[in-house]
Amino acid sequence: MTSNNTPPPPTGLGIWANIGTWITFGAAFGLLVGVVVGGFSDNTTYGTGLGLSLGPALGVAAWAVFIAPRRNVRRES
């Protein structure tokens, strides 16, 4: 037996509601920052590794702050 009491998904989030999207963009941003920081410090490998390890964590944190609260809101009708 299924329940029809589940709230509808929030409108306007689209693909941004998917945590995988945030992890991917976080990793890409971390890679970019890592290459730039590594280029300035003459150690691209270290900068890239640091960026790739911290980037997904940044993506998850951003998702938790901006998207997760909007997904858990129940609409009153």
# chains A, B, ... in the order shown; residues from 1 in each chain; ligands from 1
call {"tool": "residues_around", "arguments": {"residues": "A:Gly59", "least_positions_apart": "6", "cutoff": "8 Å", "atoms": "only C-alpha atoms", "output": "list in words"}}
result
Trp22, Ile23, Thr24, Phe25, Gly26 and Ala27 of chain A
call {"tool": "write_last_selection", "arguments": {"atoms": "N, CA and C atoms", "output": "mmCIF file, in the first residue's frame"}}
result
data_model
loop_
_atom_site.group_PDB
_atom_site.id
_atom_site.type_symbol
_atom_site.label_atom_id
_atom_site.label_comp_id
_atom_site.auth_asym_id
_atom_site.auth_seq_id
_atom_site.Cartn_x
_atom_site.Cartn_y
_atom_site.Cartn_z
ATOM 1 N N TRP A 22 26.425 18.523 -7.380
ATOM 2 C CA TRP A 22 27.242 19.377 -6.521
ATOM 3 C C TRP A 22 28.628 18.785 -6.287
ATOM 4 N N ILE A 23 28.700 17.461 -6.130
ATOM 5 C CA ILE A 23 29.998 16.816 -5.947
ATOM 6 C C ILE A 23 30.852 16.985 -7.203
ATOM 7 N N THR A 24 30.224 16.811 -8.379
ATOM 8 C CA THR A 24 30.960 16.941 -9.633
ATOM 9 C C THR A 24 31.481 18.355 -9.828
ATOM 10 N N PHE A 25 30.624 19.350 -9.625
ATOM 11 C CA PHE A 25 31.081 20.724 -9.779
ATOM 12 C C PHE A 25 32.100 21.102 -8.706
ATOM 13 N N GLY A 26 31.953 20.552 -7.511
ATOM 14 C CA GLY A 26 32.949 20.800 -6.470
ATOM 15 C C GLY A 26 34.302 20.233 -6.848
ATOM 16 N N ALA A 27 34.316 19.028 -7.436
ATOM 17 C CA ALA A 27 35.571 18.429 -7.863
ATOM 18 C C ALA A 27 36.200 19.230 -9.001
#
call {"tool": "atom_distance", "arguments": {"atom1": "atom CA of A:Ile67", "atom2": "atom CA of A:Gly34"}}
result
25.6 Å
call {"tool": "residues_around", "arguments": {"residues": "A:Gly49", "least_positions_apart": "3", "cutoff": "10 Å", "atoms": "only C-alpha atoms", "output": "list in words"}}
result
Gly30, Leu31, Gly34, Val35, Gly38, Thr44, Thr45, Tyr46, Leu52, Ser53, Leu54 and Gly55 of chain A
call {"tool": "write_last_selection", "arguments": {"atoms": "C-alpha atoms", "output": "PDB file, in the first residue's frame"}}
result
ATOM      1  CA  GLY A  30      38.779  22.018  -6.744  1.00  0.00           C
ATOM      2  CA  LEU A  31      40.781  20.839  -9.759  1.00  0.00           C
ATOM      3  CA  GLY A  34      44.424  23.227  -7.402  1.00  0.00           C
ATOM      4  CA  VAL A  35      46.040  23.818 -10.777  1.00  0.00           C
ATOM      5  CA  GLY A  38      49.890  24.615  -7.705  1.00  0.00           C
ATOM      6  CA  THR A  44      51.058  21.386  -9.544  1.00  0.00           C
ATOM      7  CA  THR A  45      50.706  17.813  -8.311  1.00  0.00           C
ATOM      8  CA  TYR A  46      50.268  18.904  -4.706  1.00  0.00           C
ATOM      9  CA  LEU A  52      40.498  17.269  -5.852  1.00  0.00           C
ATOM     10  CA  SER A  53      40.298  16.087  -2.265  1.00  0.00           C
ATOM     11  CA  LEU A  54      38.698  19.250  -0.881  1.00  0.00           C
ATOM     12  CA  GLY A  55      36.492  20.098  -3.887  1.00  0.00           C
TER      13      GLY A  55
END
call {"tool": "atom_distance", "arguments": {"atom1": "atom CA of A:Thr48", "atom2": "atom CA of A:Phe29"}}
result
10.5 Å
call {"tool": "atom_distance", "arguments": {"atom1": "atom CA of A:Ala28", "atom2": "atom CA of A:Leu58"}}
result
10.9 Å
